[in-house]
file upload.tsv (TSV, N, CA and C atoms)
chain	number	residue	atom	x	y	z
N	84	GLN	N	99.02	75.97	111.71
N	84	GLN	CA	98.15	76.97	112.32
N	84	GLN	C	98.77	78.35	112.16
N	85	VAL	N	97.98	79.28	111.64
N	85	VAL	CA	98.47	80.64	111.42
N	85	VAL	C	98.56	81.39	112.75
N	86	GLN	N	99.67	82.08	112.93
N	86	GLN	CA	99.84	82.94	114.09
N	86	GLN	C	100.54	84.22	113.69
N	87	LEU	N	100.06	85.32	114.25
N	87	LEU	CA	100.73	86.61	114.17
N	87	LEU	C	100.86	87.12	115.59
N	88	VAL	N	102.10	87.36	116.02
N	88	VAL	CA	102.35	87.76	117.40
N	88	VAL	C	103.08	89.10	117.40
N	89	GLU	N	102.39	90.12	117.90
N	89	GLU	CA	102.98	91.46	117.99
N	89	GLU	C	103.73	91.61	119.31
N	90	SER	N	104.75	92.45	119.27
N	90	SER	CA	105.51	92.77	120.47
N	90	SER	C	106.12	94.15	120.31
N	91	GLY	N	106.63	94.70	121.42
N	91	GLY	CA	107.34	95.97	121.36
N	91	GLY	C	106.55	97.17	121.86
N	92	GLY	N	105.30	96.98	122.21
N	92	GLY	CA	104.53	98.09	122.72
N	92	GLY	C	104.96	98.47	124.13
N	93	GLY	N	104.43	99.60	124.60
N	93	GLY	CA	104.76	100.04	125.95
N	93	GLY	C	104.41	101.49	126.14
N	94	LEU	N	104.92	102.04	127.23
N	94	LEU	CA	104.70	103.45	127.58
N	94	LEU	C	105.91	104.26	127.14
N	95	VAL	N	105.66	105.34	126.42
N	95	VAL	CA	106.74	106.20	125.95
N	95	VAL	C	106.30	107.65	126.06
N	96	GLN	N	107.24	108.54	126.29
N	96	GLN	CA	106.93	109.95	126.39
N	96	GLN	C	106.74	110.56	124.99
N	97	PRO	N	106.00	111.64	124.90
N	97	PRO	CA	105.87	112.32	123.60
N	97	PRO	C	107.24	112.68	123.05
N	98	GLY	N	107.39	112.46	121.74
N	98	GLY	CA	108.67	112.68	121.10
N	98	GLY	C	109.57	111.46	121.08
N	99	GLY	N	109.19	110.43	121.80
N	99	GLY	CA	110.00	109.22	121.88
N	99	GLY	C	109.76	108.27	120.71
N	100	SER	N	110.41	107.10	120.81
N	100	SER	CA	110.36	106.12	119.73
N	100	SER	C	110.06	104.74	120.28
N	101	LEU	N	109.43	103.94	119.45
N	101	LEU	CA	109.21	102.52	119.73
N	101	LEU	C	109.34	101.75	118.42
N	102	ARG	N	109.74	100.49	118.54
N	102	ARG	CA	109.77	99.61	117.38
N	102	ARG	C	108.88	98.41	117.66
N	103	LEU	N	107.85	98.27	116.88
N	103	LEU	CA	106.97	97.12	117.00
N	103	LEU	C	107.42	96.01	116.06
N	104	SER	N	107.22	94.78	116.50
N	104	SER	CA	107.52	93.61	115.68
N	104	SER	C	106.28	92.73	115.60
N	105	CYS	N	106.16	92.03	114.49
N	105	CYS	CA	105.07	91.06	114.32
N	105	CYS	C	105.68	89.81	113.69
N	106	ALA	N	105.74	88.75	114.47
N	106	ALA	CA	106.29	87.49	114.00
N	106	ALA	C	105.18	86.61	113.46
N	107	ALA	N	105.34	86.15	112.22
N	107	ALA	CA	104.30	85.37	111.56
N	107	ALA	C	104.72	83.91	111.43
N	108	SER	N	103.75	83.03	111.44
N	108	SER	CA	104.00	81.62	111.21
N	108	SER	C	102.74	80.98	110.66
N	109	GLY	N	102.92	79.84	109.98
N	109	GLY	CA	101.77	79.10	109.47
N	109	GLY	C	101.34	79.47	108.07
N	110	PHE	N	102.04	80.41	107.43
N	110	PHE	CA	101.76	80.73	106.04
N	110	PHE	C	103.05	81.22	105.38
N	111	THR	N	103.04	81.28	104.06
N	111	THR	CA	104.26	81.66	103.32
N	111	THR	C	104.37	83.17	103.30
N	112	PHE	N	105.04	83.68	104.29
N	112	PHE	CA	105.08	85.10	104.61
N	112	PHE	C	105.44	85.97	103.40
N	113	ARG	N	106.38	85.57	102.60
N	113	ARG	CA	106.91	86.46	101.56
N	113	ARG	C	105.87	86.81	100.50
N	114	TYR	N	104.80	86.04	100.41
N	114	TYR	CA	103.77	86.30	99.40
N	114	TYR	C	102.68	87.26	99.88
N	115	TYR	N	102.74	87.63	101.15
N	115	TYR	CA	101.64	88.36	101.75
N	115	TYR	C	101.94	89.85	101.91
N	116	THR	N	100.93	90.66	101.67
N	116	THR	CA	100.98	92.06	102.07
N	116	THR	C	100.76	92.11	103.58
N	117	MET	N	101.66	92.79	104.26
N	117	MET	CA	101.58	92.92	105.71
N	117	MET	C	101.24	94.36	106.07
N	118	SER	N	100.38	94.50	107.05
N	118	SER	CA	99.92	95.84	107.43
N	118	SER	C	99.92	95.99	108.94
N	119	TRP	N	100.00	97.24	109.36
N	119	TRP	CA	99.79	97.61	110.76
N	119	TRP	C	98.53	98.47	110.82
N	120	TYR	N	97.67	98.13	111.76
N	120	TYR	CA	96.47	98.89	112.07
N	120	TYR	C	96.55	99.32	113.53
N	121	ARG	N	95.72	100.27	113.89
N	121	ARG	CA	95.63	100.66	115.29
N	121	ARG	C	94.20	100.99	115.65
N	122	GLN	N	93.90	100.82	116.92
N	122	GLN	CA	92.58	101.15	117.43
N	122	GLN	C	92.72	101.86	118.76
N	123	ALA	N	92.32	103.13	118.75
N	123	ALA	CA	92.34	103.93	119.96
N	123	ALA	C	91.02	103.72	120.72
N	124	PRO	N	91.01	103.99	122.02
N	124	PRO	CA	89.78	103.82	122.81
N	124	PRO	C	88.63	104.60	122.21
N	125	GLY	N	87.50	103.93	122.01
N	125	GLY	CA	86.31	104.58	121.50
N	125	GLY	C	86.32	104.87	120.01
N	126	ARG	N	87.32	104.36	119.32
N	126	ARG	CA	87.42	104.63	117.88
N	126	ARG	C	87.51	103.32	117.11
N	127	GLU	N	87.26	103.40	115.81
N	127	GLU	CA	87.35	102.22	114.97
N	127	GLU	C	88.81	101.92	114.64
N	128	ARG	N	89.05	100.67	114.30
N	128	ARG	CA	90.38	100.27	113.88
N	128	ARG	C	90.70	100.96	112.55
N	129	GLU	N	91.93	101.45	112.42
N	129	GLU	CA	92.32	102.16	111.22
N	129	GLU	C	93.69	101.68	110.73
N	130	LEU	N	93.85	101.76	109.41
N	130	LEU	CA	95.12	101.40	108.81
N	130	LEU	C	96.19	102.43	109.15
N	131	VAL	N	97.39	101.95	109.43
N	131	VAL	CA	98.52	102.83	109.71
N	131	VAL	C	99.53	102.77	108.56
N	132	ALA	N	99.93	101.57	108.19
N	132	ALA	CA	100.94	101.38	107.15
N	132	ALA	C	100.82	99.98	106.58
N	133	ALA	N	101.29	99.82	105.35
N	133	ALA	CA	101.27	98.51	104.71
N	133	ALA	C	102.52	98.35	103.86
N	134	ILE	N	102.94	97.10	103.71
N	134	ILE	CA	104.09	96.80	102.85
N	134	ILE	C	103.75	95.58	102.02
N	135	SER	N	103.94	95.71	100.72
N	135	SER	CA	103.56	94.63	99.81
N	135	SER	C	104.63	93.55	99.78
N	136	SER	N	104.31	92.48	99.06
N	136	SER	CA	105.27	91.39	98.91
N	136	SER	C	106.49	91.83	98.11
N	137	SER	N	106.36	92.89	97.34
N	137	SER	CA	107.49	93.43	96.58
N	137	SER	C	108.15	94.61	97.29
N	138	ASP	N	107.83	94.78	98.58
N	138	ASP	CA	108.48	95.78	99.44
N	138	ASP	C	108.02	97.22	99.21
N	139	THR	N	106.89	97.40	98.55
N	139	THR	CA	106.35	98.75	98.41
N	139	THR	C	105.59	99.12	99.69
N	140	ALA	N	105.93	100.27	100.24
N	140	ALA	CA	105.34	100.70	101.51
N	140	ALA	C	104.41	101.88	101.29
N	141	ASP	N	103.33	101.90	102.07
N	141	ASP	CA	102.37	103.01	102.04
N	141	ASP	C	102.01	103.38	103.47
N	142	TYR	N	101.69	104.66	103.66
N	142	TYR	CA	101.39	105.17	105.00
N	142	TYR	C	100.17	106.08	104.95
N	143	VAL	N	99.44	106.12	106.05
N	143	VAL	CA	98.39	107.12	106.14
N	143	VAL	C	99.04	108.45	106.48
N	144	GLU	N	98.36	109.52	106.14
N	144	GLU	CA	98.95	110.85	106.25
N	144	GLU	C	99.43	111.20	107.66
N	145	PRO	N	98.70	110.88	108.71
N	145	PRO	CA	99.15	111.30	110.05
N	145	PRO	C	100.48	110.73	110.50
N	146	VAL	N	100.94	109.66	109.87
N	146	VAL	CA	102.19	109.03	110.32
N	146	VAL	C	103.32	109.18	109.31
N	147	LYS	N	103.03	109.76	108.16
N	147	LYS	CA	104.07	109.92	107.14
N	147	LYS	C	105.23	110.74	107.68
N	148	GLY	N	106.44	110.26	107.43
N	148	GLY	CA	107.62	110.96	107.91
N	148	GLY	C	108.00	110.61	109.34
N	149	ARG	N	107.13	109.92	110.06
N	149	ARG	CA	107.43	109.54	111.44
N	149	ARG	C	107.54	108.02	111.62
N	150	PHE	N	106.73	107.27	110.88
N	150	PHE	CA	106.71	105.81	110.99
N	150	PHE	C	107.35	105.18	109.76
N	151	THR	N	107.99	104.04	109.96
N	151	THR	CA	108.56	103.27	108.86
N	151	THR	C	108.20	101.80	109.02
N	152	ILE	N	107.59	101.25	107.98
N	152	ILE	CA	107.27	99.83	107.98
N	152	ILE	C	108.33	99.09	107.18
N	153	SER	N	108.71	97.91	107.65
N	153	SER	CA	109.70	97.11	106.93
N	153	SER	C	109.41	95.64	107.20
N	154	ARG	N	110.04	94.79	106.41
N	154	ARG	CA	109.82	93.36	106.58
N	154	ARG	C	111.11	92.59	106.39
N	155	ASP	N	111.20	91.46	107.06
N	155	ASP	CA	112.32	90.55	106.92
N	155	ASP	C	111.73	89.20	106.57
N	156	ASN	N	111.76	88.86	105.30
N	156	ASN	CA	111.13	87.61	104.87
N	156	ASN	C	111.84	86.38	105.43
N	157	ALA	N	113.13	86.49	105.66
N	157	ALA	CA	113.87	85.35	106.22
N	157	ALA	C	113.41	85.04	107.64
N	158	LYS	N	112.95	86.07	108.35
N	158	LYS	CA	112.49	85.89	109.73
N	158	LYS	C	110.96	85.89	109.82
N	159	SER	N	110.29	86.04	108.69
N	159	SER	CA	108.81	86.12	108.67
N	159	SER	C	108.32	87.15	109.68
N	160	THR	N	108.92	88.31	109.63
N	160	THR	CA	108.61	89.35	110.61
N	160	THR	C	108.43	90.69	109.90
N	161	VAL	N	107.44	91.43	110.35
N	161	VAL	CA	107.23	92.79	109.88
N	161	VAL	C	107.42	93.73	111.06
N	162	TYR	N	107.97	94.91	110.78
N	162	TYR	CA	108.30	95.88	111.83
N	162	TYR	C	107.58	97.20	111.57
N	163	LEU	N	107.42	97.94	112.64
N	163	LEU	CA	106.94	99.31	112.53
N	163	LEU	C	107.80	100.16	113.45
N	164	GLN	N	108.68	100.95	112.85
N	164	GLN	CA	109.50	101.90	113.60
N	164	GLN	C	108.71	103.18	113.75
N	165	MET	N	108.47	103.59	114.98
N	165	MET	CA	107.66	104.77	115.26
N	165	MET	C	108.51	105.81	115.96
N	166	ASN	N	108.70	106.94	115.32
N	166	ASN	CA	109.48	108.05	115.88
N	166	ASN	C	108.59	109.26	116.11
N	167	SER	N	109.09	110.19	116.88
N	167	SER	CA	108.36	111.44	117.16
N	167	SER	C	106.92	111.13	117.58
N	168	LEU	N	106.77	110.23	118.50
N	168	LEU	CA	105.43	109.80	118.90
N	168	LEU	C	104.66	110.91	119.58
N	169	LYS	N	103.35	110.90	119.34
N	169	LYS	CA	102.45	111.90	119.88
N	169	LYS	C	101.38	111.20	120.74
N	170	PRO	N	100.76	111.91	121.65
N	170	PRO	CA	99.70	111.30	122.46
N	170	PRO	C	98.59	110.69	121.60
N	171	GLU	N	98.33	111.27	120.46
N	171	GLU	CA	97.27	110.74	119.59
N	171	GLU	C	97.66	109.44	118.90
N	172	ASP	N	98.90	109.02	119.05
N	172	ASP	CA	99.31	107.70	118.54
N	172	ASP	C	98.97	106.58	119.54
N	173	THR	N	98.49	106.95	120.71
N	173	THR	CA	98.11	105.95	121.70
N	173	THR	C	97.01	105.05	121.16
N	174	ALA	N	97.25	103.74	121.18
N	174	ALA	CA	96.29	102.79	120.63
N	174	ALA	C	96.82	101.38	120.82
N	175	VAL	N	95.97	100.42	120.57
N	175	VAL	CA	96.42	99.04	120.40
N	175	VAL	C	96.78	98.87	118.94
N	176	TYR	N	97.98	98.38	118.68
N	176	TYR	CA	98.47	98.20	117.32
N	176	TYR	C	98.38	96.73	116.94
N	177	TYR	N	97.79	96.50	115.76
N	177	TYR	CA	97.56	95.15	115.27
N	177	TYR	C	98.30	94.91	113.96
N	178	CYS	N	98.73	93.71	113.77
N	178	CYS	CA	99.39	93.27	112.56
N	178	CYS	C	98.38	92.45	111.74
N	179	LYS	N	98.42	92.62	110.42
N	179	LYS	CA	97.53	91.87	109.53
N	179	LYS	C	98.31	91.32	108.34
N	180	GLY	N	98.00	90.09	107.96
N	180	GLY	CA	98.58	89.49	106.77
N	180	GLY	C	97.49	89.14	105.78
N	181	LEU	N	97.73	89.47	104.50
N	181	LEU	CA	96.72	89.24	103.47
N	181	LEU	C	97.41	88.92	102.15
N	182	ARG	N	96.92	87.88	101.50
N	182	ARG	CA	97.34	87.59	100.13
N	182	ARG	C	96.11	87.79	99.26
N	183	TYR	N	96.10	88.88	98.54
N	183	TYR	CA	94.88	89.31	97.86
N	183	TYR	C	94.30	88.20	96.99
N	184	TYR	N	92.98	87.98	97.13
N	184	TYR	CA	92.17	87.05	96.36
N	184	TYR	C	92.54	85.59	96.60
N	185	ILE	N	93.48	85.34	97.51
N	185	ILE	CA	93.91	83.96	97.70
N	185	ILE	C	93.74	83.50	99.13
N	186	ASP	N	94.18	84.34	100.11
N	186	ASP	CA	94.20	83.87	101.50
N	186	ASP	C	94.20	85.05	102.46
N	187	GLY	N	93.64	84.79	103.62
N	187	GLY	CA	93.61	85.81	104.67
N	187	GLY	C	92.34	86.64	104.61
N	188	PRO	N	92.23	87.67	105.43
N	188	PRO	CA	93.30	88.20	106.28
N	188	PRO	C	93.47	87.45	107.58
N	189	TYR	N	94.67	87.54	108.09
N	189	TYR	CA	95.01	87.04	109.41
N	189	TYR	C	95.40	88.22	110.30
N	190	TRP	N	94.96	88.12	111.54
N	190	TRP	CA	95.20	89.21	112.49
N	190	TRP	C	95.94	88.70	113.73
N	191	GLY	N	96.78	89.56	114.26
N	191	GLY	CA	97.36	89.31	115.56
N	191	GLY	C	96.44	89.82	116.66
N	192	LYS	N	96.87	89.66	117.90
N	192	LYS	CA	96.04	90.06	119.05
N	192	LYS	C	96.33	91.47	119.52
N	193	GLY	N	97.38	92.07	119.00
N	193	GLY	CA	97.66	93.46	119.29
N	193	GLY	C	98.67	93.69	120.39
N	194	THR	N	99.25	94.88	120.36
N	194	THR	CA	100.18	95.33	121.40
N	194	THR	C	99.85	96.79	121.70
N	195	LEU	N	99.82	97.13	122.97
N	195	LEU	CA	99.39	98.46	123.40
N	195	LEU	C	100.54	99.44	123.38
N	196	VAL	N	100.31	100.58	122.75
N	196	VAL	CA	101.26	101.70	122.75
N	196	VAL	C	100.59	102.87	123.46
N	197	THR	N	101.25	103.37	124.48
N	197	THR	CA	100.75	104.52	125.23
N	197	THR	C	101.78	105.63	125.18
N	198	VAL	N	101.35	106.78	124.65
N	198	VAL	CA	102.25	107.94	124.57
N	198	VAL	C	101.75	108.98	125.56
N	199	SER	N	102.51	109.17	126.61
N	199	SER	CA	102.05	110.03	127.68
N	199	SER	C	103.23	110.46	128.55
N	200	THR	N	103.04	111.61	129.21
N	200	THR	CA	104.03	112.05	130.19
N	200	THR	C	103.73	111.42	131.55
call {"tool": "encode", "arguments": {"input": "upload.tsv", "output": "structure tokens"}}
result
Amino acid sequence: QVQLVESGGGLVQPGGSLRLSCAASGFTFRYYTMSWYRQAPGRERELVAAISSSDTADYVEPVKGRFTISRDNAKSTVYLQMNSLKPEDTAVYYCKGLRYYIDGPYWGKGTLVTVST
């Protein structure tokens, strides 16, 4: 059974940092492109960052230079290091796994990040 479990969310002040984790099971993690999405209240879910099976990372413009996506294939885990957080980063963050044209996508249930004083 496929599972993606996010953790690491919470309340942080503007300018602070958080590290999100997504632990995967039930599929061969190293073959999958892993992504982080977020959904703010009243808005559609949007892509934040993605990392391919060959470790190529991509980011949307609003988070470039502040967020870093990484993966540990031995632990079947993908991370999102978030620095210099802003109130507009407040959202539920979701992890997604996809093997293009073969399998997925699989989604986690999300973890809430709140950036506020």
call {"tool": "closest_residue", "arguments": {"input": "upload.tsv", "among": "N:Ile152, N:Lys147, N:Val85, N:Ala157", "to": "Gly109 (chain N)", "atoms": "all atoms listed in the file"}}
result
N:Val85
call {"tool": "atom_distance", "arguments": {"input": "upload.tsv", "atom1": "atom C of Arg154 (chain N)", "atom2": "atom N of Asp172 (chain N)"}}
result
24.1 Å
call {"tool": "closest_residue", "arguments": {"input": "upload.tsv", "among": "N:Arg149, N:Arg126, N:Lys158, N:Lys192", "to": "Arg102 (chain N)", "atoms": "only C-alpha atoms"}}
result
N:Arg149
call {"tool": "closest_residue", "arguments": {"input": "upload.tsv", "among": "N:Gly99, N:Gly187, N:Gly193, N:Gly180", "to": "Met117 (chain N)", "atoms": "only N, CA and C atoms"}}
result
N:Gly180
call {"tool": "select_by_dssp", "arguments": {"input": "upload.tsv", "residues": "chain N", "states": "strand (DSSP E)", "output": "ChimeraX atom specification"}}
result
/N:86-90,93-95,101-108,116-122,129-134,140-142,150-155,160-165,174-182,186-190,194-198
call {"tool": "select_by_dssp", "arguments": {"input": "upload.tsv", "residues": "region 88-195 of chain N", "states": "helix (DSSP H, G or I)", "output": "list in words"}}
result
Phe112, Arg113, Tyr114, Glu144, Pro145, Val146, Pro170, Glu171 and Asp172 of chain N
call {"tool": "residues_around", "arguments": {"input": "upload.tsv", "residues": "Ser159 (chain N)", "least_positions_apart": "3", "cutoff": "8 Å", "atoms": "all atoms listed in the file", "output": "PDB file with N, CA and C atoms, keeping the file's coordinate frame"}}
result
ATOM      1  N   CYS N 105     106.160  92.030 114.490  1.00  0.00           N
ATOM      2  CA  CYS N 105     105.070  91.060 114.320  1.00  0.00           C
ATOM      3  C   CYS N 105     105.680  89.810 113.690  1.00  0.00           C
ATOM      4  N   ALA N 106     105.740  88.750 114.470  1.00  0.00           N
ATOM      5  CA  ALA N 106     106.290  87.490 114.000  1.00  0.00           C
ATOM      6  C   ALA N 106     105.180  86.610 113.460  1.00  0.00           C
ATOM      7  N   ALA N 107     105.340  86.150 112.220  1.00  0.00           N
ATOM      8  CA  ALA N 107     104.300  85.370 111.560  1.00  0.00           C
ATOM      9  C   ALA N 107     104.720  83.910 111.430  1.00  0.00           C
ATOM     10  N   SER N 108     103.750  83.030 111.440  1.00  0.00           N
ATOM     11  CA  SER N 108     104.000  81.620 111.210  1.00  0.00           C
ATOM     12  C   SER N 108     102.740  80.980 110.660  1.00  0.00           C
ATOM     13  N   THR N 111     103.040  81.280 104.060  1.00  0.00           N
ATOM     14  CA  THR N 111     104.260  81.660 103.320  1.00  0.00           C
ATOM     15  C   THR N 111     104.370  83.170 103.300  1.00  0.00           C
ATOM     16  N   PHE N 112     105.040  83.680 104.290  1.00  0.00           N
ATOM     17  CA  PHE N 112     105.080  85.100 104.610  1.00  0.00           C
ATOM     18  C   PHE N 112     105.440  85.970 103.400  1.00  0.00           C
ATOM     19  N   ARG N 113     106.380  85.570 102.600  1.00  0.00           N
ATOM     20  CA  ARG N 113     106.910  86.460 101.560  1.00  0.00           C
ATOM     21  C   ARG N 113     105.870  86.810 100.500  1.00  0.00           C
ATOM     22  N   ARG N 154     110.040  94.790 106.410  1.00  0.00           N
ATOM     23  CA  ARG N 154     109.820  93.360 106.580  1.00  0.00           C
ATOM     24  C   ARG N 154     111.110  92.590 106.390  1.00  0.00           C
ATOM     25  N   ASP N 155     111.200  91.460 107.060  1.00  0.00           N
ATOM     26  CA  ASP N 155     112.320  90.550 106.920  1.00  0.00           C
ATOM     27  C   ASP N 155     111.730  89.200 106.570  1.00  0.00           C
ATOM     28  N   ASN N 156     111.760  88.860 105.300  1.00  0.00           N
ATOM     29  CA  ASN N 156     111.130  87.610 104.870  1.00  0.00           C
ATOM     30  C   ASN N 156     111.840  86.380 105.430  1.00  0.00           C
ATOM     31  N   TYR N 162     107.970  94.910 110.780  1.00  0.00           N
ATOM     32  CA  TYR N 162     108.300  95.880 111.830  1.00  0.00           C
ATOM     33  C   TYR N 162     107.580  97.200 111.570  1.00  0.00           C
TER      34      TYR N 162
END
call {"tool": "closest_residue", "arguments": {"input": "upload.tsv", "among": "N:Thr173, N:Thr139, N:Thr160, N:Thr116", "to": "Ser90 (chain N)", "atoms": "only C-alpha atoms"}}
result
N:Thr160
call {"tool": "atom_distance", "arguments": {"input": "upload.tsv", "atom1": "CA of Glu171 (chain N)", "atom2": "CA of Asp138 (chain N)"}}
result
27.5 Å
call {"tool": "closest_residue", "arguments": {"input": "upload.tsv", "among": "N:Val143, N:Val95, N:Ile185, N:Val131", "to": "Val198 (chain N)", "atoms": "only N, CA and C atoms"}}
result
N:Val95
call {"tool": "closest_residue", "arguments": {"input": "upload.tsv", "among": "N:Glu129, N:Ser135, N:Leu168, N:Tyr115", "to": "Leu181 (chain N)", "atoms": "only N, CA and C atoms"}}
result
N:Tyr115
call {"tool": "axis_aligned_box", "arguments": {"input": "upload.tsv", "around": "region 166-170 of chain N", "padding_each_side": "6 Å", "output": "lines of an AutoDock Vina configuration file"}}
result
center_x = 104.0
center_y = 109.4
center_z = 118.9
size_x = 22.9
size_y = 17.0
size_z = 19.1
call {"tool": "residues_around", "arguments": {"input": "upload.tsv", "residues": "Gly148 (chain N)", "least_positions_apart": "2", "cutoff": "12 Å", "atoms": "only C-alpha atoms", "output": "PyMOL selection string"}}
result
chain N and resi 132+141-146+150-152+164-168
call {"tool": "write_last_selection", "arguments": {"input": "upload.tsv", "atoms": "N, CA and C atoms", "output": "PDB file, in the frame of the given file"}}
result
ATOM      1  N   ALA N 132      99.930 101.570 108.190  1.00  0.00           N
ATOM      2  CA  ALA N 132     100.940 101.380 107.150  1.00  0.00           C
ATOM      3  C   ALA N 132     100.820  99.980 106.580  1.00  0.00           C
ATOM      4  N   ASP N 141     103.330 101.900 102.070  1.00  0.00           N
ATOM      5  CA  ASP N 141     102.370 103.010 102.040  1.00  0.00           C
ATOM      6  C   ASP N 141     102.010 103.380 103.470  1.00  0.00           C
ATOM      7  N   TYR N 142     101.690 104.660 103.660  1.00  0.00           N
ATOM      8  CA  TYR N 142     101.390 105.170 105.000  1.00  0.00           C
ATOM      9  C   TYR N 142     100.170 106.080 104.950  1.00  0.00           C
ATOM     10  N   VAL N 143      99.440 106.120 106.050  1.00  0.00           N
ATOM     11  CA  VAL N 143      98.390 107.120 106.140  1.00  0.00           C
ATOM     12  C   VAL N 143      99.040 108.450 106.480  1.00  0.00           C
ATOM     13  N   GLU N 144      98.360 109.520 106.140  1.00  0.00           N
ATOM     14  CA  GLU N 144      98.950 110.850 106.250  1.00  0.00           C
ATOM     15  C   GLU N 144      99.430 111.200 107.660  1.00  0.00           C
ATOM     16  N   PRO N 145      98.700 110.880 108.710  1.00  0.00           N
ATOM     17  CA  PRO N 145      99.150 111.300 110.050  1.00  0.00           C
ATOM     18  C   PRO N 145     100.480 110.730 110.500  1.00  0.00           C
ATOM     19  N   VAL N 146     100.940 109.660 109.870  1.00  0.00           N
ATOM     20  CA  VAL N 146     102.190 109.030 110.320  1.00  0.00           C
ATOM     21  C   VAL N 146     103.320 109.180 109.310  1.00  0.00           C
ATOM     22  N   PHE N 150     106.730 107.270 110.880  1.00  0.00           N
ATOM     23  CA  PHE N 150     106.710 105.810 110.990  1.00  0.00           C
ATOM     24  C   PHE N 150     107.350 105.180 109.760  1.00  0.00           C
ATOM     25  N   THR N 151     107.990 104.040 109.960  1.00  0.00           N
ATOM     26  CA  THR N 151     108.560 103.270 108.860  1.00  0.00           C
ATOM     27  C   THR N 151     108.200 101.800 109.020  1.00  0.00           C
ATOM     28  N   ILE N 152     107.590 101.250 107.980  1.00  0.00           N
ATOM     29  CA  ILE N 152     107.270  99.830 107.980  1.00  0.00           C
ATOM     30  C   ILE N 152     108.330  99.090 107.180  1.00  0.00           C
ATOM     31  N   GLN N 164     108.680 100.950 112.850  1.00  0.00           N
ATOM     32  CA  GLN N 164     109.500 101.900 113.600  1.00  0.00           C
ATOM     33  C   GLN N 164     108.710 103.180 113.750  1.00  0.00           C
ATOM     34  N   MET N 165     108.470 103.590 114.980  1.00  0.00           N
ATOM     35  CA  MET N 165     107.660 104.770 115.260  1.00  0.00           C
ATOM     36  C   MET N 165     108.510 105.810 115.960  1.00  0.00           C
ATOM     37  N   ASN N 166     108.700 106.940 115.320  1.00  0.00           N
ATOM     38  CA  ASN N 166     109.480 108.050 115.880  1.00  0.00           C
ATOM     39  C   ASN N 166     108.590 109.260 116.110  1.00  0.00           C
ATOM     40  N   SER N 167     109.090 110.190 116.880  1.00  0.00           N
ATOM     41  CA  SER N 167     108.360 111.440 117.160  1.00  0.00           C
ATOM     42  C   SER N 167     106.920 111.130 117.580  1.00  0.00           C
ATOM     43  N   LEU N 168     106.770 110.230 118.500  1.00  0.00           N
ATOM     44  CA  LEU N 168     105.430 109.800 118.900  1.00  0.00           C
ATOM     45  C   LEU N 168     104.660 110.910 119.580  1.00  0.00           C
TER      46      LEU N 168
END
call {"tool": "build_atoms", "arguments": {"input": "upload.tsv", "residues": "region 116-120 of chain N", "atoms": "all heavy atoms", "output": "PDB file, in the coordinates of the input"}}
result
ATOM      1  N   THR N 116     100.930  90.660 101.670  1.00  0.00           N
ATOM      2  CA  THR N 116     100.980  92.060 102.070  1.00  0.00           C
ATOM      3  C   THR N 116     100.760  92.110 103.580  1.00  0.00           C
ATOM      4  O   THR N 116      99.796  91.535 104.089  1.00  0.00           O
ATOM      5  CB  THR N 116      99.892  92.870 101.354  1.00  0.00           C
ATOM      6  OG1 THR N 116     100.211  92.940  99.960  1.00  0.00           O
ATOM      7  CG2 THR N 116      99.804  94.284 101.915  1.00  0.00           C
ATOM      8  N   MET N 117     101.660  92.790 104.260  1.00  0.00           N
ATOM      9  CA  MET N 117     101.580  92.920 105.710  1.00  0.00           C
ATOM     10  C   MET N 117     101.240  94.360 106.070  1.00  0.00           C
ATOM     11  O   MET N 117     101.747  95.304 105.462  1.00  0.00           O
ATOM     12  CB  MET N 117     102.894  92.512 106.362  1.00  0.00           C
ATOM     13  CG  MET N 117     103.320  91.079 106.050  1.00  0.00           C
ATOM     14  SD  MET N 117     102.113  89.850 106.580  1.00  0.00           S
ATOM     15  CE  MET N 117     102.088  90.103 108.353  1.00  0.00           C
ATOM     16  N   SER N 118     100.380  94.500 107.050  1.00  0.00           N
ATOM     17  CA  SER N 118      99.920  95.840 107.430  1.00  0.00           C
ATOM     18  C   SER N 118      99.920  95.990 108.940  1.00  0.00           C
ATOM     19  O   SER N 118      99.827  95.005 109.678  1.00  0.00           O
ATOM     20  CB  SER N 118      98.485  96.055 106.935  1.00  0.00           C
ATOM     21  OG  SER N 118      98.364  95.820 105.553  1.00  0.00           O
ATOM     22  N   TRP N 119     100.000  97.240 109.360  1.00  0.00           N
ATOM     23  CA  TRP N 119      99.790  97.610 110.760  1.00  0.00           C
ATOM     24  C   TRP N 119      98.530  98.470 110.820  1.00  0.00           C
ATOM     25  O   TRP N 119      98.354  99.407 110.036  1.00  0.00           O
ATOM     26  CB  TRP N 119     100.969  98.383 111.311  1.00  0.00           C
ATOM     27  CG  TRP N 119     102.162  97.553 111.594  1.00  0.00           C
ATOM     28  CD1 TRP N 119     103.254  97.381 110.795  1.00  0.00           C
ATOM     29  CD2 TRP N 119     102.415  96.773 112.763  1.00  0.00           C
ATOM     30  NE1 TRP N 119     104.155  96.531 111.383  1.00  0.00           N
ATOM     31  CE2 TRP N 119     103.660  96.153 112.602  1.00  0.00           C
ATOM     32  CE3 TRP N 119     101.695  96.544 113.947  1.00  0.00           C
ATOM     33  CZ2 TRP N 119     104.227  95.307 113.570  1.00  0.00           C
ATOM     34  CZ3 TRP N 119     102.245  95.713 114.907  1.00  0.00           C
ATOM     35  CH2 TRP N 119     103.493  95.103 114.722  1.00  0.00           C
ATOM     36  N   TYR N 120      97.670  98.130 111.760  1.00  0.00           N
ATOM     37  CA  TYR N 120      96.470  98.890 112.070  1.00  0.00           C
ATOM     38  C   TYR N 120      96.550  99.320 113.530  1.00  0.00           C
ATOM     39  O   TYR N 120      97.346  98.787 114.301  1.00  0.00           O
ATOM     40  CB  TYR N 120      95.210  98.022 111.881  1.00  0.00           C
ATOM     41  CG  TYR N 120      94.788  97.810 110.456  1.00  0.00           C
ATOM     42  CD1 TYR N 120      95.532  96.997 109.611  1.00  0.00           C
ATOM     43  CD2 TYR N 120      93.622  98.395 109.959  1.00  0.00           C
ATOM     44  CE1 TYR N 120      95.133  96.786 108.294  1.00  0.00           C
ATOM     45  CE2 TYR N 120      93.212  98.193 108.656  1.00  0.00           C
ATOM     46  CZ  TYR N 120      93.973  97.387 107.828  1.00  0.00           C
ATOM     47  OH  TYR N 120      93.569  97.178 106.540  1.00  0.00           O
TER      48      TYR N 120
END
